[in-house]
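*Asks:* Coordinates in start-v5.txt, compact mmCIF, C-alpha atoms and all ligand atoms, are listed below.
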# COMPACT_ATOMS: atom_id res chain seq x y z
CA MET A 1453 -8.77 6.82 24.56
CA ARG A 1454 -11.64 8.78 23.07
CA SER A 1455 -15.22 7.82 23.75
CA PRO A 1456 -16.84 6.21 20.70
CA LYS A 1457 -19.17 9.24 20.57
CA ASP A 1458 -16.20 11.57 20.05
CA PHE A 1459 -14.46 9.42 17.47
CA PHE A 1460 -15.30 11.77 14.59
CA ALA A 1461 -14.80 15.03 16.49
CA PRO A 1462 -11.74 17.17 15.60
CA LEU A 1463 -8.91 16.79 18.14
CA ALA A 1464 -8.01 20.48 18.14
CA VAL A 1465 -10.01 23.68 17.86
CA GLY A 1466 -9.89 24.79 14.24
CA ALA A 1467 -8.76 21.43 12.84
CA PRO A 1468 -10.73 19.99 9.90
CA THR A 1469 -13.48 17.49 10.65
CA PRO A 1470 -12.26 13.87 10.35
CA LEU A 1471 -13.52 11.89 7.37
CA ARG A 1472 -16.16 9.20 7.92
CA GLU A 1473 -14.93 7.16 4.98
CA VAL A 1474 -11.41 6.77 3.62
CA PRO A 1475 -11.35 7.97 -0.01
CA ALA A 1476 -10.80 4.96 -2.29
CA ARG A 1477 -8.34 6.65 -4.62
CA PRO A 1478 -6.15 4.37 -6.77
CA SER A 1479 -2.96 3.47 -4.89
CA ARG A 1480 -1.63 0.40 -6.70
CA VAL A 1481 1.87 1.80 -6.64
CA ILE A 1482 3.38 3.91 -3.88
CA HIS A 1483 6.63 5.05 -5.44
CA PHE A 1484 9.44 5.85 -2.99
CA PHE A 1485 12.00 8.54 -3.68
CA ASP A 1486 14.66 10.23 -1.58
CA PRO A 1487 14.06 13.99 -1.78
CA SER A 1488 17.70 14.65 -0.82
CA ASN A 1489 18.94 12.72 -3.87
CA ALA A 1490 19.14 15.28 -6.66
CA LYS A 1491 18.95 12.70 -9.45
CA MET A 1492 15.87 11.01 -8.02
CA ALA A 1493 14.19 14.28 -7.10
CA ALA A 1494 14.68 15.56 -10.64
CA LYS A 1495 12.64 12.59 -11.93
CA VAL A 1496 9.60 13.32 -9.74
CA PRO A 1497 7.76 15.85 -11.96
CA ALA A 1498 7.90 13.47 -14.93
CA MET A 1499 6.50 10.64 -12.79
CA VAL A 1500 3.32 12.57 -11.98
CA GLY A 1501 0.47 10.76 -13.72
CA THR A 1502 2.51 7.58 -14.17
CA VAL A 1503 2.24 6.41 -10.54
CA ASP A 1504 -0.73 6.59 -8.18
CA VAL A 1505 1.35 7.83 -5.25
CA LEU A 1506 4.69 9.62 -5.05
CA LEU A 1507 6.14 9.17 -1.57
CA GLY A 1508 8.94 11.39 -0.32
CA ASN A 1509 10.83 9.11 2.01
CA LEU A 1510 12.51 10.69 5.01
CA GLU A 1511 13.18 7.53 7.05
CA ASP A 1512 15.37 4.47 6.44
CA ALA A 1513 17.44 4.63 3.22
CA VAL A 1514 18.07 8.35 3.83
CA ARG A 1515 21.45 9.00 5.45
CA ALA A 1516 21.32 10.50 8.96
CA ALA A 1517 23.40 13.44 7.71
CA ARG A 1518 20.84 14.06 4.92
CA LYS A 1519 17.64 14.04 7.02
CA GLU A 1520 17.22 17.83 7.05
CA ALA A 1521 18.10 18.03 3.36
CA ALA A 1522 15.49 15.38 2.57
CA ARG A 1523 12.82 17.25 4.53
CA ALA A 1524 13.69 20.56 2.86
CA GLY A 1525 13.84 18.84 -0.54
CA LEU A 1526 10.36 17.43 -0.04
CA VAL A 1527 8.97 20.87 0.86
CA GLU A 1528 10.50 22.26 -2.33
CA ILE A 1529 9.14 19.43 -4.48
CA ALA A 1530 5.67 19.70 -2.91
CA ARG A 1531 5.56 23.46 -3.53
CA GLY A 1532 6.89 23.27 -7.06
CA THR A 1533 4.92 20.31 -8.42
CA ASP A 1534 1.34 20.08 -9.62
CA PHE A 1535 0.35 16.51 -8.74
CA GLY A 1536 -2.95 16.67 -10.64
CA GLU A 1537 -5.88 14.37 -9.93
CA ALA A 1538 -4.23 11.02 -10.69
CA THR A 1539 -1.21 11.18 -8.38
CA GLN A 1540 -1.17 11.71 -4.64
CA LEU A 1541 1.73 13.01 -2.55
CA TRP A 1542 2.60 11.00 0.55
CA THR A 1543 5.57 11.07 2.87
CA ARG A 1544 7.19 8.55 5.22
CA ILE A 1545 8.36 10.43 8.31
CA ASN A 1546 11.11 9.22 10.62
CA SER A 1547 10.12 6.94 13.47
CA LEU A 1548 8.46 8.54 16.47
CA ASP A 1549 11.42 7.81 18.77
CA SER A 1550 13.93 9.45 16.40
CA PRO A 1551 15.34 12.99 16.72
CA TRP A 1552 13.65 14.00 13.43
CA ALA A 1553 9.98 12.93 13.65
CA LEU A 1554 8.68 16.05 15.43
CA ASP A 1555 10.34 18.41 12.95
CA ASP A 1556 9.20 16.23 10.04
CA LEU A 1557 5.57 16.62 11.10
CA THR A 1558 5.79 20.26 12.12
CA THR A 1559 7.57 21.39 8.96
CA LEU A 1560 5.62 19.35 6.46
CA VAL A 1561 2.14 20.06 7.83
CA THR A 1562 2.64 23.78 8.34
CA GLU A 1563 4.54 24.38 5.09
CA VAL A 1564 2.97 21.99 2.56
CA GLY A 1565 0.10 20.35 4.45
CA ASP A 1566 -2.33 21.38 1.71
CA LYS A 1567 -0.36 19.22 -0.78
CA LEU A 1568 0.06 16.14 1.45
CA ASP A 1569 -2.54 13.38 1.25
CA VAL A 1570 -1.11 10.76 3.59
CA ILE A 1571 1.66 10.52 6.19
CA MET A 1572 3.19 7.08 6.57
CA VAL A 1573 4.35 6.37 10.12
CA PRO A 1574 7.01 3.67 10.47
CA LYS A 1575 7.56 1.16 13.27
CA VAL A 1576 4.13 1.66 14.81
CA GLN A 1577 3.85 -0.39 17.99
CA GLY A 1578 0.28 0.18 19.05
CA PRO A 1579 -2.72 2.55 18.96
CA GLU A 1580 -0.92 4.96 21.32
CA ASP A 1581 1.48 5.88 18.50
CA ILE A 1582 -1.45 6.73 16.25
CA HIS A 1583 -3.17 8.72 19.02
CA TYR A 1584 0.00 10.80 19.46
CA VAL A 1585 0.27 11.56 15.74
CA ASP A 1586 -3.49 12.15 15.49
CA ARG A 1587 -3.56 14.92 18.12
CA LEU A 1588 -0.37 16.54 16.89
CA LEU A 1589 -1.65 16.58 13.31
CA ALA A 1590 -4.91 18.19 14.44
CA GLN A 1591 -2.98 20.96 16.22
CA LEU A 1592 -0.74 21.53 13.22
CA GLU A 1593 -3.64 21.44 10.75
CA ALA A 1594 -5.39 24.11 12.85
CA ARG A 1595 -2.24 26.22 12.89
CA ALA A 1596 -1.84 25.85 9.11
CA GLY A 1597 -5.55 26.54 8.45
CA LEU A 1598 -5.96 23.29 6.50
CA GLN A 1599 -9.43 22.50 5.18
CA ARG A 1600 -9.11 18.72 4.86
CA PRO A 1601 -7.52 16.24 7.26
CA ILE A 1602 -4.22 14.59 6.38
CA LEU A 1603 -4.57 10.81 6.59
CA VAL A 1604 -2.23 8.39 8.37
CA HIS A 1605 -0.77 5.11 7.15
CA ALA A 1606 1.06 2.77 9.54
CA ILE A 1607 3.81 0.33 8.64
CA LEU A 1608 3.42 -3.06 10.26
CA GLU A 1609 7.03 -3.82 11.05
CA THR A 1610 7.32 -4.70 14.72
CA ALA A 1611 6.15 -7.84 16.47
CA ARG A 1612 4.17 -5.68 18.89
CA GLY A 1613 2.60 -3.83 15.98
CA VAL A 1614 1.44 -7.11 14.46
CA ALA A 1615 0.02 -8.21 17.83
CA ASN A 1616 -1.89 -4.89 18.03
CA VAL A 1617 -2.87 -4.68 14.38
CA GLU A 1618 -6.65 -4.45 14.92
CA GLN A 1619 -6.30 -1.61 17.46
CA ILE A 1620 -3.87 0.24 15.19
CA ALA A 1621 -6.21 -0.04 12.21
CA GLY A 1622 -9.10 1.36 14.26
CA ALA A 1623 -7.17 3.95 16.29
CA SER A 1624 -8.33 7.04 14.40
CA PRO A 1625 -10.59 8.13 11.55
CA ARG A 1626 -7.35 9.34 9.96
CA MET A 1627 -6.18 5.76 9.39
CA GLN A 1628 -5.92 5.27 5.63
CA GLY A 1629 -4.14 1.93 5.56
CA LEU A 1630 -1.36 -0.40 6.60
CA SER A 1631 1.73 -1.66 4.78
CA LEU A 1632 3.77 -4.72 5.57
CA GLY A 1633 7.37 -3.81 6.44
CA PRO A 1634 9.04 -7.21 6.03
CA ALA A 1635 12.63 -6.04 6.56
CA ASP A 1636 12.20 -4.38 9.94
CA LEU A 1637 9.61 -6.94 10.98
CA ALA A 1638 12.05 -9.78 10.28
CA ALA A 1639 14.69 -8.07 12.42
CA ASP A 1640 12.25 -7.31 15.24
CA ARG A 1641 10.96 -10.87 15.26
CA ARG A 1642 14.52 -12.21 15.15
CA MET A 1643 13.76 -14.13 11.98
CA LYS A 1644 16.92 -15.64 10.49
CA THR A 1645 16.68 -13.91 7.12
CA THR A 1646 18.76 -11.11 5.58
CA ARG A 1647 16.46 -9.90 2.79
CA VAL A 1648 14.09 -7.01 2.15
CA GLY A 1649 10.82 -8.88 1.57
CA GLY A 1650 10.24 -11.83 -0.71
CA GLY A 1651 10.68 -15.50 0.07
CA HIS A 1652 13.49 -17.72 1.27
CA PRO A 1653 14.50 -21.06 -0.30
CA GLY A 1654 14.95 -22.61 3.14
CA TYR A 1655 11.34 -22.02 4.15
CA LEU A 1656 9.73 -25.05 2.56
CA VAL A 1657 7.73 -28.20 2.93
CA ARG A 1658 8.96 -31.52 1.53
CA GLN A 1659 7.02 -34.31 -0.09
CA ASP A 1660 6.55 -37.42 2.06
CA PRO A 1661 8.91 -40.35 1.30
CA VAL A 1662 7.59 -42.62 -1.45
CA ASP A 1663 7.56 -46.28 -0.28
CA GLY A 1664 9.29 -45.19 2.95
CA ASP A 1665 12.54 -44.29 1.17
CA ILE A 1666 13.70 -41.08 2.88
CA ASN A 1667 16.82 -40.93 0.70
CA ALA A 1668 14.98 -40.89 -2.62
CA ASN A 1669 14.59 -37.57 -4.40
CA ARG A 1670 11.62 -35.75 -2.86
CA GLN A 1671 9.95 -32.66 -4.18
CA THR A 1672 10.17 -29.50 -2.06
CA TYR A 1673 7.82 -26.52 -2.20
CA GLN A 1674 8.94 -23.09 -1.10
CA GLN A 1675 6.43 -21.44 1.25
CA ASP A 1676 5.46 -17.81 1.73
CA LEU A 1677 7.11 -16.29 4.81
CA TRP A 1678 4.64 -13.40 4.82
CA HIS A 1679 1.33 -15.17 4.39
CA TYR A 1680 0.30 -15.03 8.06
CA THR A 1681 1.13 -11.36 8.53
CA ILE A 1682 -0.43 -10.19 5.28
CA ALA A 1683 -3.61 -12.15 6.01
CA ARG A 1684 -3.85 -10.63 9.52
CA MET A 1685 -3.25 -7.17 8.10
CA VAL A 1686 -5.90 -7.63 5.41
CA ASP A 1687 -8.49 -8.73 7.98
CA ALA A 1688 -7.70 -5.82 10.31
CA CYS A 1689 -7.99 -3.36 7.41
CA ALA A 1690 -11.24 -4.83 6.09
CA MET A 1691 -12.69 -4.78 9.61
CA HIS A 1692 -11.95 -1.04 9.93
CA GLY A 1693 -12.63 0.09 6.35
CA ILE A 1694 -9.03 0.99 5.54
CA PHE A 1695 -6.60 -0.30 2.87
CA PRO A 1696 -3.86 -2.98 3.07
CA TYR A 1697 -0.61 -2.90 1.05
CA TYR A 1698 2.39 -5.10 0.51
CA GLY A 1699 5.64 -3.16 1.19
CA PRO A 1700 9.16 -3.30 -0.25
CA PHE A 1701 10.69 -5.94 -2.49
CA GLY A 1702 14.43 -5.35 -2.25
CA ASP A 1703 15.72 -7.61 -5.03
CA ILE A 1704 15.34 -4.98 -7.72
CA GLN A 1705 16.76 -7.22 -10.46
CA ASP A 1706 14.47 -10.17 -9.77
CA VAL A 1707 11.39 -8.76 -11.43
CA VAL A 1708 9.83 -12.24 -11.70
CA ALA A 1709 9.84 -12.94 -7.96
CA CYS A 1710 8.79 -9.35 -7.33
CA GLU A 1711 5.73 -9.87 -9.50
CA ASP A 1712 4.92 -13.14 -7.68
CA GLN A 1713 5.15 -11.45 -4.27
CA PHE A 1714 2.96 -8.57 -5.42
CA ARG A 1715 0.41 -10.96 -6.95
CA ASN A 1716 0.14 -13.01 -3.76
CA ALA A 1717 -0.63 -9.80 -1.89
CA PHE A 1718 -3.20 -8.74 -4.52
CA LEU A 1719 -4.96 -12.11 -4.35
CA LEU A 1720 -5.06 -11.96 -0.55
CA GLY A 1721 -6.77 -8.55 -0.63
CA CYS A 1722 -4.07 -5.88 -0.77
CA VAL A 1723 -4.82 -2.87 -2.97
CA GLY A 1724 -1.23 -1.88 -3.76
CA THR A 1725 2.44 -2.04 -2.96
CA TRP A 1726 5.59 0.06 -2.75
CA SER A 1727 7.95 0.51 -5.67
CA LEU A 1728 11.55 1.27 -4.78
CA HIS A 1729 12.92 1.59 -8.30
CA PRO A 1730 11.33 2.66 -11.60
CA VAL A 1731 11.51 -0.95 -12.84
CA GLN A 1732 8.91 -1.97 -10.23
CA VAL A 1733 6.31 0.63 -11.23
CA GLU A 1734 4.78 -1.17 -14.21
CA ILE A 1735 4.84 -4.50 -12.35
CA ALA A 1736 2.83 -3.01 -9.51
CA LYS A 1737 0.35 -1.30 -11.80
CA ARG A 1738 -0.20 -4.47 -13.81
CA VAL A 1739 -0.56 -6.78 -10.83
CA PHE A 1740 -2.86 -4.55 -8.79
CA SER A 1741 -5.24 -3.88 -11.72
CA PRO A 1742 -7.78 -6.64 -12.46
CA SER A 1743 -6.95 -8.42 -15.71
CA ALA A 1744 -9.21 -8.06 -18.73
CA GLU A 1745 -10.14 -11.76 -18.30
CA ASP A 1746 -11.13 -11.24 -14.65
CA VAL A 1747 -13.29 -8.27 -15.58
CA ALA A 1748 -14.94 -10.16 -18.45
CA HIS A 1749 -15.64 -13.14 -16.18
CA ALA A 1750 -17.02 -10.93 -13.41
CA ARG A 1751 -19.37 -9.26 -15.89
CA ARG A 1752 -20.62 -12.62 -17.11
CA VAL A 1753 -21.32 -13.75 -13.54
CA VAL A 1754 -23.19 -10.52 -12.76
CA ALA A 1755 -25.27 -10.94 -15.90
CA ALA A 1756 -25.98 -14.62 -15.24
CA MET A 1757 -26.97 -14.01 -11.62
CA GLY A 1758 -29.98 -11.84 -12.47
CA ASP A 1759 -31.38 -10.49 -9.19
CA GLY A 1760 -28.32 -11.81 -7.36
CA THR A 1761 -30.01 -14.67 -5.52
CA ALA A 1762 -30.18 -18.43 -6.14
CA ALA A 1763 -27.48 -20.52 -7.78
CA VAL A 1764 -26.63 -20.80 -11.47
CA MET A 1765 -24.19 -22.90 -13.50
CA LEU A 1766 -21.64 -21.05 -15.65
CA ASP A 1767 -18.94 -22.97 -17.54
CA GLY A 1768 -19.59 -25.99 -15.34
CA LYS A 1769 -19.18 -24.05 -12.10
CA MET A 1770 -21.72 -23.06 -9.50
CA GLU A 1771 -22.15 -19.33 -8.95
CA ASP A 1772 -24.19 -17.81 -6.13
CA ASP A 1773 -24.46 -14.71 -3.95
CA ALA A 1774 -20.95 -15.19 -2.58
CA SER A 1775 -19.15 -15.53 -5.90
CA LEU A 1776 -21.28 -12.64 -7.18
CA LYS A 1777 -19.99 -10.47 -4.33
CA GLN A 1778 -16.41 -11.34 -5.26
CA CYS A 1779 -17.14 -10.37 -8.84
CA LEU A 1780 -18.62 -7.06 -7.70
CA VAL A 1781 -15.41 -6.32 -5.74
CA MET A 1782 -13.44 -6.93 -8.94
CA LEU A 1783 -15.74 -4.73 -11.05
CA GLU A 1784 -15.82 -1.91 -8.52
CA LEU A 1785 -12.01 -1.85 -8.50
CA ALA A 1786 -11.85 -1.99 -12.30
CA GLU A 1787 -14.27 0.92 -12.61
CA ARG A 1788 -12.38 3.00 -10.06
CA LEU A 1789 -9.04 2.41 -11.79
CA ALA A 1790 -10.45 2.99 -15.27
CA ALA A 1791 -11.73 6.39 -14.14
CA THR A 1792 -8.14 7.68 -13.90
CA ASP A 1793 -6.22 5.28 -16.16
CA PRO A 1794 -7.20 5.68 -19.84
CA GLU A 1795 -5.31 2.51 -20.89
CA LEU A 1796 -7.30 0.42 -18.43
CA ALA A 1797 -10.52 2.14 -19.46
CA GLN A 1798 -9.82 1.06 -23.03
CA LEU A 1799 -8.83 -2.46 -22.00
CA TYR A 1800 -11.97 -3.01 -19.93
CA ALA A 1801 -14.23 -1.36 -22.51
CA ALA A 1802 -13.13 -3.98 -25.02
CA GLU A 1803 -14.52 -6.74 -22.79
CA PRO A 1804 -18.18 -7.75 -23.16
CA GLY A 1805 -20.56 -5.93 -20.83
CA PRO A 1806 -23.17 -7.73 -18.67
CA SER A 1807 -25.85 -7.78 -21.36
CA GLU A 1808 -23.55 -9.10 -24.10
CA GLY A 1809 -22.12 -11.75 -21.78
CA ALA A 1810 -25.47 -12.89 -20.36
CA GLY A 1811 -26.15 -16.55 -20.76
CA ALA A 1812 -23.01 -17.12 -22.80
C1 LIG A 1901 13.08 -1.50 3.90
C2 LIG A 1901 12.65 -0.13 3.43
O1 LIG A 1901 12.52 0.78 4.22
S1 LIG A 1901 12.35 0.06 1.77
C3 LIG A 1901 12.08 1.76 1.56
C4 LIG A 1901 13.34 2.60 1.62
N1 LIG A 1901 14.18 2.40 0.45
C5 LIG A 1901 14.06 3.18 -0.63
O2 LIG A 1901 13.24 4.09 -0.65
C6 LIG A 1901 14.96 2.87 -1.80
C7 LIG A 1901 14.64 3.75 -3.00
N2 LIG A 1901 15.42 3.36 -4.13
C8 LIG A 1901 16.74 3.62 -4.22
O3 LIG A 1901 17.33 4.22 -3.33
C9 LIG A 1901 17.44 3.18 -5.48
O4 LIG A 1901 16.51 2.78 -6.45
C10 LIG A 1901 18.46 2.01 -5.27
C11 LIG A 1901 19.51 2.40 -4.25
C12 LIG A 1901 17.70 0.77 -4.82
C13 LIG A 1901 19.08 1.71 -6.63
O5 LIG A 1901 19.60 2.92 -7.11
P1 LIG A 1901 20.60 2.95 -8.37
O6 LIG A 1901 21.74 2.03 -8.14
O7 LIG A 1901 20.89 4.38 -8.68
O8 LIG A 1901 19.68 2.31 -9.49
P2 LIG A 1901 19.85 2.44 -11.03
O9 LIG A 1901 21.27 2.74 -11.42
O10 LIG A 1901 19.25 1.23 -11.65
O11 LIG A 1901 18.93 3.68 -11.39
C14 LIG A 1901 18.60 3.99 -12.71
C15 LIG A 1901 18.04 5.38 -12.74
O12 LIG A 1901 16.82 5.42 -11.99
C16 LIG A 1901 16.90 6.39 -10.98
N3 LIG A 1901 16.20 5.87 -9.81
C17 LIG A 1901 16.53 4.83 -9.03
N4 LIG A 1901 15.62 4.67 -8.05
C18 LIG A 1901 14.70 5.64 -8.22
C19 LIG A 1901 13.52 5.97 -7.53
N5 LIG A 1901 13.12 5.30 -6.46
N6 LIG A 1901 12.80 7.00 -7.99
C20 LIG A 1901 13.19 7.71 -9.07
N7 LIG A 1901 14.30 7.44 -9.76
C21 LIG A 1901 15.05 6.41 -9.34
C22 LIG A 1901 18.39 6.57 -10.70
O13 LIG A 1901 18.62 7.85 -10.14
C23 LIG A 1901 18.97 6.41 -12.08
O14 LIG A 1901 18.81 7.64 -12.76
P3 LIG A 1901 19.76 8.02 -14.02
O15 LIG A 1901 19.39 7.10 -15.14
O16 LIG A 1901 19.42 9.44 -14.31
O17 LIG A 1901 21.19 7.83 -13.55
O1 LIG A 1902 10.14 -0.29 5.94
C1 LIG A 1902 10.00 -1.36 5.46
C2 LIG A 1902 10.58 -2.56 5.95
O2 LIG A 1902 10.39 -3.59 5.31
O3 LIG A 1902 11.23 -2.46 7.00
MG MG A 1903 11.22 -0.43 7.82
Now that the file is in, can you turn its structure into structure tokens?
*Replies:*
Amino acid sequence: MRSPKDFFAPLAVGAPTPLREVPARPSRVIHFFDPSNAKMAAKVPAMVGTVDVLLGNLEDAVRAARKEAARAGLVEIARGTDFGEATQLWTRINSLDSPWALDDLTTLVTEVGDKLDVIMVPKVQGPEDIHYVDRLLAQLEARAGLQRPILVHAILETARGVANVEQIAGASPRMQGLSLGPADLAADRRMKTTRVGGGHPGYLVRQDPVDGDINANRQTYQQDLWHYTIARMVDACAMHGIFPYYGPFGDIQDVVACEDQFRNAFLLGCVGTWSLHPVQVEIAKRVFSPSAEDVAHARRVVAAMGDGTAAVMLDGKMEDDASLKQCLVMLELAERLAATDPELAQLYAAEPGPSEGAGA
């Protein structure tokens, strides 16, 4: 463990200096593709600018016999694609205990490290996994002569990882964020589910009996299996100044439930999610962008609050410093997204600004 004084010192001679603040680039949608799948890979150049992050996946969902092909395919795509300002390139490497992780890191950092923004590390168990990757990345960055540090994103998908979530989030200045990995986490926890994310109809609460009649029809309400873990993840990320994300939603056809799951994560504080199939891209972008109504309301609150202190009434509701701060979070996100998304810029511009909304 490094001393707090050394936290921002490079871990290898010649490695770039770690960042003091994680860049808040839009990452509403982290789109997964398999670089060894020719059809999917062929679609990548056309997706630049339409998704915030393109992630070349090397881990689960890539056949063992195709691991080297996926790695080589990602190198080729990284070299041959201009990702512009609006789209980042990430990868998900194989797990640290697999036969492929070392070569994934060595090859990608030395060959296309200048193109890679973030490396997603699966099945992280504790801060020691991040420390291992941190030092290795510093050595490889020095070897490759990189000028900016590659950031690290951990998937929360083991029970031990969840128990250690605060230490993982704060393990290195490279930590960019955390994603929920509900499929592996369910298996590791021995949950009795068989799905990739989303809810389960059996996880419910039931209305109390009316007049003591337990046999009468009683309303049931499905509950969110992931609420606890997402909330813990969001707190750990906020505490360490990094970003939380929902992960995969495996029922590709059920776009309605997918949107619900994404929205729950957005409302709880997540900044984005994964998309596994093109059909999930627009859902993610829509859900993780503040609505025009939210932006308009936030502007009205800012305008009504004046110097930001005291309490005011707006539409019959009390607003004060705390609701103002929530509105500022919303507006800051809207501004950041509008800077790279012309459609959102237009949408938000159509809403009344603080002066027009004041006192309305
Ligand atoms: C638990 C976890 O670890 S989740 C993360 C790991 N899993 C993944 O990354 C899964 C990524 N996604 C996929 O592999 C695929 O989308 C699947 C297997 C879910 C579905 O694939 P398909 O059955 O081919 O879907 P479908 O027929 O609807 O595809 C339509 C088109 O979109 C393309 N497509 C599908 N998924 C993607 C993708 N993620 N990126 C780009 N293109 C895609 C298909 O190649 C197909 O192209 P075509 O019209 O030229 O034939
Ligand atoms: O990798 C993701 C998961 O849900 O497992
Ligand atoms: Mg997983």
*Asks:* Calculated over all atoms listed in the file, which of the candidates A:Gln1659, A:Gln1619, A:Thr1645, A:Gln1732 has the smallest distance to Cys1689 (chain A)?
*Replies:*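 Among the listed residues, A:Gln1619 lies closest to Cys1689 (chain A).
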*Asks:* Please identify all polymer residues within 8 Å of region 1664-1677 of chain A, counting all atoms listed in the file, omitting same-chain residues fewer than 4 positions from it, and present them as a PyMOL selection string.
*Replies:* chain A and resi 1650-1660
*Asks:* With C-alpha atoms retained, write the just-selected residues as a PDB file, in the frame of the given file.
*Replies:*
ATOM      1  CA  GLY A1650      10.240 -11.830  -0.710  1.00  0.00           C
ATOM      2  CA  GLY A1651      10.680 -15.500   0.070  1.00  0.00           C
ATOM      3  CA  HIS A1652      13.490 -17.720   1.270  1.00  0.00           C
ATOM      4  CA  PRO A1653      14.500 -21.060  -0.300  1.00  0.00           C
ATOM      5  CA  GLY A1654      14.950 -22.610   3.140  1.00  0.00           C
ATOM      6  CA  TYR A1655      11.340 -22.020   4.150  1.00  0.00           C
ATOM      7  CA  LEU A1656       9.730 -25.050   2.560  1.00  0.00           C
ATOM      8  CA  VAL A1657       7.730 -28.200   2.930  1.00  0.00           C
ATOM      9  CA  ARG A1658       8.960 -31.520   1.530  1.00  0.00           C
ATOM     10  CA  GLN A1659       7.020 -34.310  -0.090  1.00  0.00           C
ATOM     11  CA  ASP A1660       6.550 -37.420   2.060  1.00  0.00           C
TER      12      ASP A1660
END
*Asks:* Select, from A:Ala1690, A:Leu1780, A:Val1505, A:Met1572, the residue with the minimum atom-to-atom distance to ligand MG 1903 (chain A), counting only C-alpha atoms and all ligand atoms.
*Replies:* A:Met1572
*Asks:* Write out as an MDAnalysis selection string each polymer residue (protein, DNA or RNA) that has an atom no more than 6 Å from ligand LIG 1901 (chain A), with only C-alpha atoms and all ligand atoms counted.
*Replies:* chainID A and resid 1484:1485 1491:1492 1495 1512:1513 1635 1648 1700 1728:1730
*Asks:* Within 8 Å of ligand MG 1903 (chain A) (counting all atoms listed in the file), which residues show up? I'd like them as a list in words.
*Replies:*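 If we count all atoms listed in the file, the neighbours of ligand MG 1903 (chain A) turn out to be Asp1512, Pro1574, Lys1575, Ile1607, Glu1609, Gly1633, Pro1634, Ala1635, Asp1636 and Leu1637 of chain A.
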*Asks:* Compile the contact shell of region 1500-1503 of chain A as a PyMOL selection string: residues with an atom at most 10 Å away, counting only C-alpha atoms, same-chain residues fewer than 2 positions apart removed.
*Replies:* chain A and resi 1478-1483+1495-1498+1505-1506+1533-1541+1727+1730+1733-1734+1736-1737+1792-1793
*Asks:* Closest to ligand LIG 1902 (chain A) among A:Glu1593, A:Asp1556, A:Glu1528, A:Asp1640, using all atoms listed in the file?
*Replies:*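 Once distances to ligand LIG 1902 (chain A) are computed over all atoms listed in the file, the minimum belongs to A:Asp1640.
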*Asks:* Please list as a PDB file with C-alpha atoms, in the coordinates of the input every residue within 12 Å of Ala1774 (chain A), counting all atoms listed in the file and excluding residues in the same chain fewer than 4 positions away.
*Replies:*
ATOM      1  CA  VAL A1753     -21.320 -13.750 -13.540  1.00  0.00           C
ATOM      2  CA  VAL A1754     -23.190 -10.520 -12.760  1.00  0.00           C
ATOM      3  CA  MET A1757     -26.970 -14.010 -11.620  1.00  0.00           C
ATOM      4  CA  GLY A1760     -28.320 -11.810  -7.360  1.00  0.00           C
ATOM      5  CA  THR A1761     -30.010 -14.670  -5.520  1.00  0.00           C
ATOM      6  CA  ALA A1762     -30.180 -18.430  -6.140  1.00  0.00           C
ATOM      7  CA  ALA A1763     -27.480 -20.520  -7.780  1.00  0.00           C
ATOM      8  CA  VAL A1764     -26.630 -20.800 -11.470  1.00  0.00           C
ATOM      9  CA  MET A1770     -21.720 -23.060  -9.500  1.00  0.00           C
ATOM     10  CA  GLN A1778     -16.410 -11.340  -5.260  1.00  0.00           C
ATOM     11  CA  CYS A1779     -17.140 -10.370  -8.840  1.00  0.00           C
ATOM     12  CA  LEU A1780     -18.620  -7.060  -7.700  1.00  0.00           C
ATOM     13  CA  VAL A1781     -15.410  -6.320  -5.740  1.00  0.00           C
TER      14      VAL A1781
END
*Asks:* Under the rule that only C-alpha atoms are counted, which of A:Ile1620, A:Leu1548, A:Leu1783, A:Ile1735 is the nearest residue to Val1585 (chain A)?
*Replies:*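 Checking each candidate against Val1585 (chain A), we get A:Leu1548 as the closest.
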*Asks:* Please, what distance in Å, to one decimal, runs between CA of Arg1612 (chain A) and CA of Arg1641 (chain A)?
*Replies:* 9.3 Å
*Asks:* Would you work out the distance separating CA of Ala1476 (chain A) from CA of Arg1788 (chain A), expressed in Å to one decimal?
*Replies:*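 One can read the CA of Ala1476 (chain A) to CA of Arg1788 (chain A) distance as 8.2 Å.
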*Asks:* For each of A:Ser1624, A:Thr1469, A:Gln1713, A:Ser1488, take the minimum atom-to-atom distance to Ile1582 (chain A), counting only C-alpha atoms, then give the residue where this is smallest.
*Replies:*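 Selected residue with least distance to Ile1582 (chain A): A:Ser1624.
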*Asks:* Between A:Ala1467, A:Gly1532, A:Met1691, A:Trp1726, which residue has the minimum interatomic distance to Asn1509 (chain A), considering all atoms listed in the file?
*Replies:*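 Once distances to Asn1509 (chain A) are computed over all atoms listed in the file, the minimum belongs to A:Trp1726.
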*Asks:* Using CA of Ala1594 (chain A) and CA of Gly1613 (chain A) as the two end points, give the distance in Å to one decimal.
*Replies:*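 CA of Gly1613 (chain A) lies 29.2 Å from CA of Ala1594 (chain A).
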*Asks:* Find the spatial neighbours of Arg1587 (chain A), counting only C-alpha atoms, within a cut-off of 7 Å - ignore same-chain residues fewer than 4 positions away - and output them as a list of chain:residue names.
*Replies:* A:Leu1463, A:His1583, A:Gln1591
*Asks:* In the coordinates of the file, take the point (-15.0, 12.2, 18.3) and a cut-off of 12 Å; then, counting all atoms listed in the file, name each qualifying protein, DNA or RNA residue as a ChimeraX atom specification.
*Replies:* /A:1453-1464,1469-1472,1586-1587,1623-1626
*Asks:* Leaving out Arg1595 (chain A) and any residue of its chain fewer than 2 positions from it, which residues lie within 12 Å of it when counting only C-alpha atoms, given as a list in words?
*Replies:*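 Listing them by chain and then by number gives Ala1464, Val1465, Gly1466, Ala1467, Pro1468, Thr1558, Thr1559, Val1561, Thr1562, Glu1563, Gly1565, Leu1588, Leu1589, Ala1590, Gln1591, Leu1592, Glu1593, Gly1597, Leu1598 and Gln1599 of chain A.
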